[in-house]
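Listing of model07.txt; format and content: compact mmCIF, C-alpha atoms and all ligand atoms.
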```
# COMPACT_ATOMS: atom_id res chain seq x y z
CA MET A 1 39.12 39.57 -127.95
CA GLU A 2 40.60 37.99 -124.86
CA THR A 3 42.36 41.28 -124.08
CA THR A 4 39.13 43.25 -124.47
CA ASN A 5 37.35 40.88 -122.11
CA GLN A 6 40.18 41.01 -119.60
CA ARG A 7 40.22 44.78 -119.69
CA ARG A 8 36.46 44.87 -119.31
CA ALA A 9 36.64 42.54 -116.31
CA LEU A 10 39.40 44.65 -114.77
CA GLN A 11 37.41 47.83 -115.29
CA ASP A 12 34.26 46.39 -113.78
CA ALA A 13 36.15 45.06 -110.77
CA MET A 14 38.05 48.32 -110.26
CA VAL A 15 34.98 50.53 -110.59
CA PHE A 16 33.26 48.32 -108.03
CA LEU A 17 36.26 48.53 -105.72
CA GLY A 18 36.38 52.31 -106.20
CA ALA A 19 32.75 52.61 -105.15
CA ILE A 20 33.28 50.39 -102.09
CA ALA A 21 36.40 52.31 -101.06
CA SER A 22 34.61 55.62 -101.39
CA GLY A 23 31.68 54.33 -99.31
CA THR A 24 33.99 52.85 -96.69
CA GLU A 25 35.87 56.15 -96.39
CA GLN A 26 32.58 57.94 -95.73
CA ALA A 27 31.46 55.34 -93.21
CA ILE A 28 34.59 54.72 -91.17
CA GLY A 29 36.90 57.59 -92.13
CA GLU A 30 40.66 57.21 -91.61
CA SER A 31 40.50 53.50 -90.77
CA ALA A 32 39.61 52.81 -94.41
CA ASN A 33 43.20 53.72 -95.24
CA ASN A 34 44.54 51.08 -92.86
CA ILE A 35 42.26 48.42 -94.28
CA SER A 36 43.34 49.06 -97.87
CA TYR A 37 46.98 49.39 -96.78
CA LEU A 38 46.85 45.94 -95.22
CA ALA A 39 45.04 44.52 -98.26
CA GLY A 40 47.87 45.95 -100.38
CA VAL A 41 50.55 44.46 -98.12
CA ASN A 42 48.95 41.02 -98.38
CA LEU A 43 48.67 41.30 -102.16
CA GLY A 44 52.28 42.49 -102.46
CA LYS A 45 53.54 39.62 -100.32
CA LYS A 46 51.44 37.04 -102.11
CA LEU A 47 52.36 38.09 -105.63
CA SER A 48 56.07 38.46 -104.88
CA ASP A 49 56.29 35.11 -103.15
CA GLY A 50 59.23 33.19 -104.61
CA VAL A 51 60.85 36.25 -106.24
CA ALA A 52 64.66 36.20 -105.80
CA ARG A 53 65.86 38.33 -102.88
CA THR A 54 68.16 41.26 -103.52
CA ASP A 55 69.66 44.25 -101.71
CA ASP A 56 69.73 46.27 -104.91
CA ILE A 57 66.77 48.64 -105.03
CA GLN A 58 66.74 48.93 -108.82
CA GLN A 59 66.68 45.19 -109.22
CA ALA A 60 63.93 44.96 -106.60
CA LEU A 61 61.89 47.52 -108.55
CA ASP A 62 62.41 45.56 -111.79
CA SER A 63 61.15 42.42 -110.05
CA THR A 64 58.15 44.29 -108.62
CA ARG A 65 57.29 45.58 -112.07
CA GLU A 66 57.62 42.10 -113.53
CA VAL A 67 55.27 40.75 -110.88
CA LEU A 68 52.67 43.35 -111.80
CA GLU A 69 53.05 42.72 -115.53
CA LYS A 70 52.90 38.97 -115.11
CA ASN A 71 49.64 39.27 -113.21
CA ASP A 72 48.10 41.71 -115.71
CA TYR A 73 47.83 44.52 -113.18
CA LEU A 74 47.48 47.91 -114.83
CA TRP A 75 49.74 49.51 -112.26
CA LEU A 76 52.95 50.23 -114.09
CA PHE A 77 55.61 52.63 -112.90
CA GLU A 78 59.06 53.82 -113.83
CA PRO A 79 61.89 55.34 -111.78
CA PHE A 80 62.43 59.01 -112.61
CA LYS A 81 65.09 61.62 -111.97
CA THR A 82 65.00 65.34 -112.58
CA HIS A 83 67.81 67.21 -114.36
CA ASP A 84 69.44 68.24 -111.09
CA GLN A 85 69.64 64.74 -109.63
CA GLU A 86 72.83 62.82 -110.25
CA SER A 87 71.29 59.44 -109.92
CA VAL A 88 67.88 57.79 -109.75
CA VAL A 89 68.76 56.29 -106.37
CA GLN A 90 69.32 58.81 -103.56
CA GLU A 91 70.50 58.21 -100.04
CA SER A 92 68.85 60.22 -97.28
CA GLU A 93 68.61 60.06 -93.50
CA GLU A 94 65.41 58.04 -93.79
CA GLY A 95 66.88 55.48 -96.17
CA THR A 96 67.27 54.83 -99.89
CA GLN A 97 64.92 56.88 -102.03
CA VAL A 98 63.68 56.60 -105.61
CA MET A 99 61.08 58.82 -107.28
CA LEU A 100 58.52 56.85 -109.26
CA VAL A 101 56.14 57.95 -112.01
CA PHE A 102 52.92 55.99 -112.35
CA ARG A 103 51.26 56.41 -115.72
CA ASP A 104 48.55 53.84 -116.48
CA CYS A 105 47.04 53.14 -113.08
CA MET A 106 43.88 51.09 -112.65
CA ILE A 107 43.12 52.93 -109.42
CA ARG A 108 43.29 56.44 -110.85
CA GLN A 109 41.36 55.36 -113.90
CA SER A 110 38.56 53.85 -111.82
CA LEU A 111 38.42 56.83 -109.43
CA PHE A 112 38.06 59.26 -112.33
CA ARG A 113 35.33 57.23 -113.97
CA PHE A 114 32.96 58.11 -111.15
CA GLY A 115 34.54 61.33 -109.91
CA HIS A 116 36.03 59.95 -106.68
CA ILE A 117 38.99 61.88 -105.33
CA GLN A 118 42.61 60.71 -105.51
CA LYS A 119 44.93 60.07 -102.54
CA GLY A 120 42.19 58.11 -100.75
CA SER A 121 42.17 54.58 -99.41
CA LEU A 122 42.60 52.88 -102.78
CA CYS A 123 45.79 54.82 -103.43
CA ASN A 124 46.91 53.56 -100.03
CA MET A 125 46.57 50.05 -101.35
CA MET A 126 49.42 50.77 -103.73
CA TYR A 127 51.54 51.92 -100.79
CA GLY A 128 50.74 48.64 -99.09
CA PHE A 129 51.52 46.64 -102.21
CA PHE A 130 55.04 48.08 -102.40
CA ALA A 131 55.58 47.62 -98.68
CA GLY A 132 54.58 43.94 -98.95
CA ALA A 133 56.54 43.21 -102.11
CA LEU A 134 59.71 44.98 -100.92
CA GLN A 135 59.49 43.27 -97.55
CA ASN A 136 59.65 39.96 -99.42
CA ILE A 137 62.25 40.97 -102.01
CA MET A 138 64.58 43.16 -99.92
CA GLY A 139 63.61 42.19 -96.38
CA ARG A 140 63.20 45.90 -95.54
CA GLU A 141 60.45 48.31 -94.51
CA SER A 142 59.39 50.93 -97.03
CA SER A 143 56.97 53.78 -97.61
CA LEU A 144 55.45 55.20 -100.78
CA GLU A 145 54.52 58.85 -100.42
CA ILE A 146 52.24 60.49 -102.98
CA VAL A 147 54.07 63.67 -103.92
CA HIS A 148 51.61 64.57 -106.65
CA ALA A 149 48.43 62.89 -107.86
CA GLY A 150 47.95 64.14 -111.39
CA GLU A 151 45.32 63.65 -114.07
CA ASN A 152 47.59 61.69 -116.42
CA ALA A 153 50.38 60.52 -114.11
CA CYS A 154 51.27 60.42 -110.41
CA TYR A 155 54.61 61.17 -108.81
CA LYS A 156 55.61 59.22 -105.71
CA LYS A 157 58.57 58.94 -103.41
CA LEU A 158 59.62 55.45 -102.46
CA THR A 159 61.77 55.22 -99.34
CA VAL A 160 63.31 51.91 -98.39
CA ARG A 161 64.46 52.06 -94.76
CA ARG A 162 67.89 50.87 -93.82
CA ALA A 163 68.26 47.40 -92.44
CA PRO A 164 68.04 47.56 -88.61
CA MET B 1 59.11 59.90 -127.93
CA SER B 2 60.28 63.32 -126.83
CA LEU B 3 57.79 65.36 -124.89
CA GLU B 4 57.36 69.04 -125.71
CA ILE B 5 55.50 71.69 -123.72
CA ASN B 6 54.25 74.88 -125.17
CA VAL B 7 52.90 77.93 -123.35
CA HIS B 8 50.86 80.20 -125.57
CA GLU B 9 52.32 83.60 -124.75
CA GLN B 10 49.32 85.69 -125.71
CA SER B 11 47.06 83.55 -123.54
CA CYS B 12 49.17 83.38 -120.37
CA ARG B 13 48.06 85.82 -117.66
CA GLY B 14 50.95 85.12 -115.30
CA CYS B 15 48.80 83.68 -112.53
CA GLU B 16 51.53 81.16 -111.61
CA LEU B 17 49.06 78.35 -110.97
CA CYS B 18 51.08 76.05 -113.23
CA ILE B 19 54.27 76.91 -111.35
CA ASP B 20 52.62 76.06 -108.05
CA ILE B 21 51.10 72.78 -109.15
CA CYS B 22 54.02 71.31 -111.12
CA PRO B 23 55.66 68.61 -108.98
CA THR B 24 58.99 68.74 -110.81
CA LYS B 25 59.40 72.52 -111.17
CA VAL B 26 59.25 72.66 -114.95
CA PHE B 27 58.09 76.29 -115.16
CA GLU B 28 59.53 79.62 -114.14
CA LEU B 29 58.05 83.11 -114.08
CA ASP B 30 59.54 85.60 -116.51
CA GLU B 31 59.44 88.61 -114.16
CA ASP B 32 59.75 91.18 -116.95
CA LYS B 33 57.01 89.83 -119.13
CA ARG B 34 54.94 88.50 -116.19
CA LEU B 35 54.48 85.24 -118.07
CA CYS B 36 55.34 81.70 -117.24
CA VAL B 37 58.04 80.02 -119.31
CA VAL B 38 59.14 76.43 -119.68
CA LYS B 39 62.51 76.07 -117.99
CA HIS B 40 63.04 72.31 -117.71
CA ALA B 41 60.85 70.42 -120.16
CA GLU B 42 63.03 67.34 -119.60
CA ASP B 43 61.69 67.11 -116.03
CA CYS B 44 58.06 66.89 -117.12
CA ILE B 45 56.32 63.65 -116.10
CA ALA B 46 53.27 64.47 -118.28
CA CYS B 47 50.85 64.49 -115.35
CA LEU B 48 49.00 67.24 -117.28
CA SER B 49 47.96 69.01 -114.07
CA CYS B 50 49.31 72.31 -115.40
CA ALA B 51 47.20 72.02 -118.55
CA TYR B 52 44.10 71.18 -116.47
CA ILE B 53 44.59 74.02 -114.00
CA CYS B 54 45.57 76.81 -116.40
CA PRO B 55 42.62 79.25 -116.50
CA SER B 56 43.65 80.44 -119.96
CA ASN B 57 44.10 77.00 -121.49
CA ALA B 58 47.54 78.23 -122.50
CA ILE B 59 49.54 75.03 -121.94
CA SER B 60 49.80 72.18 -124.40
CA HIS B 61 51.92 69.04 -124.52
CA THR B 62 52.91 66.90 -127.48
CA ASP B 63 54.43 63.43 -127.71
CA TYR B 64 53.45 62.13 -124.31
CA HIS B 65 51.85 58.92 -123.10
CA ALA B 66 48.13 59.51 -122.66
CA VAL B 67 46.51 57.03 -120.27
CA LYS B 68 43.53 55.09 -121.51
CA ASN B 69 40.69 56.04 -119.26
CA PHE B 70 38.10 53.47 -118.30
CA TYR B 71 34.97 53.69 -120.38
CA ARG B 72 31.47 53.97 -118.99
CA ASP B 73 29.54 50.78 -119.51
CA ALA B 74 25.83 51.68 -119.30
CA GLU B 75 24.70 48.20 -118.31
CA PHE B 76 27.32 47.89 -115.59
CA CYS B 77 26.60 51.39 -114.31
CA GLN B 78 22.95 50.47 -113.89
CA ARG B 79 23.90 47.56 -111.68
CA MET B 80 26.32 49.79 -109.79
CA GLY B 81 23.62 52.44 -109.27
CA LYS B 82 22.76 51.15 -105.84
CA PHE B 83 26.29 51.60 -104.58
CA LEU B 84 27.09 55.01 -106.03
S1 LIG C 1 48.53 78.67 -115.31
FE1 LIG C 1 48.30 79.37 -117.44
S2 LIG C 1 47.87 81.56 -117.26
FE2 LIG C 1 48.69 80.91 -115.27
S3 LIG C 1 50.89 81.33 -115.43
FE3 LIG C 1 50.59 79.20 -116.06
S4 LIG C 1 50.35 79.31 -118.32
FE4 LIG C 1 50.07 81.38 -117.52
S1 LIG C 2 52.53 67.99 -117.03
FE1 LIG C 2 52.92 67.88 -114.80
S2 LIG C 2 55.15 67.63 -114.66
FE2 LIG C 2 54.73 68.35 -116.74
S3 LIG C 2 54.92 70.56 -116.63
FE3 LIG C 2 52.76 70.10 -116.27
S4 LIG C 2 52.52 69.95 -114.04
FE4 LIG C 2 54.74 69.83 -114.51
```
Is it possible to give me this structure as structure tokens?
Ligand code: SF4
Ligand code: SF4
Amino acid sequence: METTNQRRALQDAMVFLGAIASGTEQAIGESANNISYLAGVNLGKKLSDGVARTDDIQQALDSTREVLEKNDYLWLFEPFKTHDQESVVQESEEGTQVMLVFRDCMIRQSLFRFGHIQKGSLCNMMYGFFAGALQNIMGRESSLEIVHAGENACYKKLTVRRAP
Amino acid sequence: MSLEINVHEQSCRGCELCIDICPTKVFELDEDKRLCVVKHAEDCIACLSCAYICPSNAISHTDYHAVKNFYRDAEFCQRMGKFL
């Protein structure tokens, strides 16, 4: 029963947030992305406060996932590699990269409920969340690019920049 | 759980929409038959975009994680009416 109520509360809050984000995008355009990005950064920093620091990206991702699970956020992800990749973690000029698959996502699920489009400001909040959490856990800048926003899962590229 | 993808040969019209939309390059075009074929099912992330976009409804997946979409709560929607 508790779970049903929690899920109901989450849905109501997310649908509300989805509506606000959609309205804000219409009213102020691009800046809506910055606002939700910053909200995500703050959330990521707050929730990951006290998490052990590491330089290992896989361990940092495990900790980020744990933080989300512990706080009952329906925002779970898993690292993914295609058949032609040797390893989940790839080094590139921009930094260390990992592809992530997001399956159950409270943002996508709330956007679809009322027909709002994906890749908008709420999706940017997720980018911010990772940036904030990884800043705390790894002490590094990162970006989370939406490679594909699908109906049942999204595919994103996480890049953690090298330490300056 | 081992995901499987099936393209119904008789339905496929070779439009390549699934090839274009797939983020992990699961499909390939069989040039002779002018049909799309599954080349790397193991790379599928089950986003289901190919199944949604296929104009012939030719693509089906089995054994994948289906997300639980949020339900529509009539009472809540009424209250939300002013925002939407
Ligand atoms: S989208 Fe459908 S009809 Fe078009 S190539 Fe793919 S399977 Fe065939
Ligand atoms: S479900 Fe997504 S990843 Fe899988 S084959 Fe279709 S488009 Fe590609």
Neighbours of Val26 in chain B within 7 Å (all atoms listed in the file; same-chain residues fewer than 6 positions away dropped), as a PyMOL selection string? chain B and resi 38-41+43-44
Interface, chain B side, toward chain A (6 Å; only C-alpha atoms) as an MDAnalysis selection string: chainID B and resid 43 47:49 67 69:70
Please report the interatomic distance between CA of Phe130 in chain A and CA of Ser63 in chain A in Å with one decimal. 11.3 Å
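Taking all atoms listed in the file into account, Ala58 in chain B lies nearest to B:Glu9 out of the set B:Glu9, B:Glu42, B:Asp32, B:Asp20.
Residue nearest ligand LIG 1 (chain C) within the list B:Leu29, B:Cys22, B:Cys15, B:Ile45: B:Cys15 [criterion: smallest interatomic distance, all atoms listed in the file].
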All residues within 9 Å of ligand LIG 1 (chain C) are required, counting only C-alpha atoms and all ligand atoms; please report them as number ranges by chain. B: 7-9, 11-21, 27-29, 34-37, 50-59
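In this structure, CA of Thr64 in chain A sits 13.7 Å away from CA of Leu144 in chain A.
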Restricting the calculation to all atoms listed in the file: of A:Asn124, A:Asn71, A:Gln118, A:Gln26, which residue gets closest to Val41 in chain A? A:Asn124
Might I get the box with edges along x, y and z of the file that holds all atoms of range 47-66 of chain B listed there, padded by 4 Å on every side, given as centre and edge lengths in Å to one decimal, as AutoDock Vina command-line options?
```
--center_x 48.5 --center_y 69.7 --center_z -120.9 --size_x 19.8 --size_y 29.5 --size_z 21.7
```
Using all atoms listed in the file, the best pick from B:Ala46, B:Asp30, B:Gln10, B:Ile5 as closest to ligand LIG 2 (chain C) would be B:Ala46
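Atom pair CA of Gln135 in chain A / CA of Cys123 in chain A: separated by 18.9 Å.
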